[in-house]
Amino acid sequence: LGGVEYAGSSDFAGCLDLQRKISEYCHYKLDECKAMASIPPPEHHGLFLAFSYFWDVLTEFMPSLTPTVAEIAKRAEEVCSTDHVTLKAKHGESYEPKNAEFLKRACHDMSYILFLLGDHLAFPYDVQ
């Protein structure tokens, strides 16, 4: 993307920083990037309804159905710092069991949701 080479890891801070770099590069470049971060954030007043991706990921990794952004950040950091074998032992049967690739993306999924809520949509960290 943009002449930048990416390599995966389970580094939460690095993953979130990568989300921010992609967003900065893709800002308003929908034709080139096709990333959610390239779409201008909507003006929201009050309730925010998320699509199924949020539900699928958060219900697997969050103990509450209405977490704050800060709680998502904490859990994202925990997921990213957990090795794949441990994640698979804990979530392998419940988190998209028919597709093993989903669990490999758990760190990305959690940090991307955090990025969308905290950075892109600018929700305060204490908001559920």
# chains A, B, ... in the order shown; residues from 1 in each chain; ligands from 1
>>> residues_around(residues="A:Gly118", least_positions_apart="3", cutoff="12 Å", atoms="only C-alpha atoms", output="list of chain:residue names")
A:Leu16, A:Gln19, A:Arg20, A:Pro41, A:Thr68, A:Val69, A:Ala70, A:Glu71, A:Ile72, A:Ala73, A:Met110, A:Ser111, A:Tyr112, A:Ile113, A:Leu114, A:Phe115, A:Leu121, A:Ala122, A:Phe123, A:Pro124, A:Tyr125, A:Asp126, A:Val127, A:Gln128
>>> residues_around(residues="A:Trp55", least_positions_apart="5", cutoff="12 Å", atoms="only C-alpha atoms", output="PyMOL selection string")
chain A and resi 49-50+60-62+64-67+95+109-110+113
>>> residues_around(residues="A:Glu101", least_positions_apart="6", cutoff="12 Å", atoms="only C-alpha atoms", output="VMD selection string")
chain A and resid 84 88 92 95 107 to 109
>>> atom_distance(atom1="atom CA of A:Asp11", atom2="atom CA of A:Ala76")
10.4 Å
>>> atom_distance(atom1="atom CA of A:Glu24", atom2="atom CA of A:Leu116")
12.9 Å
>>> closest_residue(among="A:His120, A:Ala89, A:Arg75, A:Cys15", to="A:Val57", atoms="only C-alpha atoms")
A:Arg75
>>> atom_distance(atom1="atom CA of A:Cys26", atom2="atom CA of A:Leu117")
17.1 Å
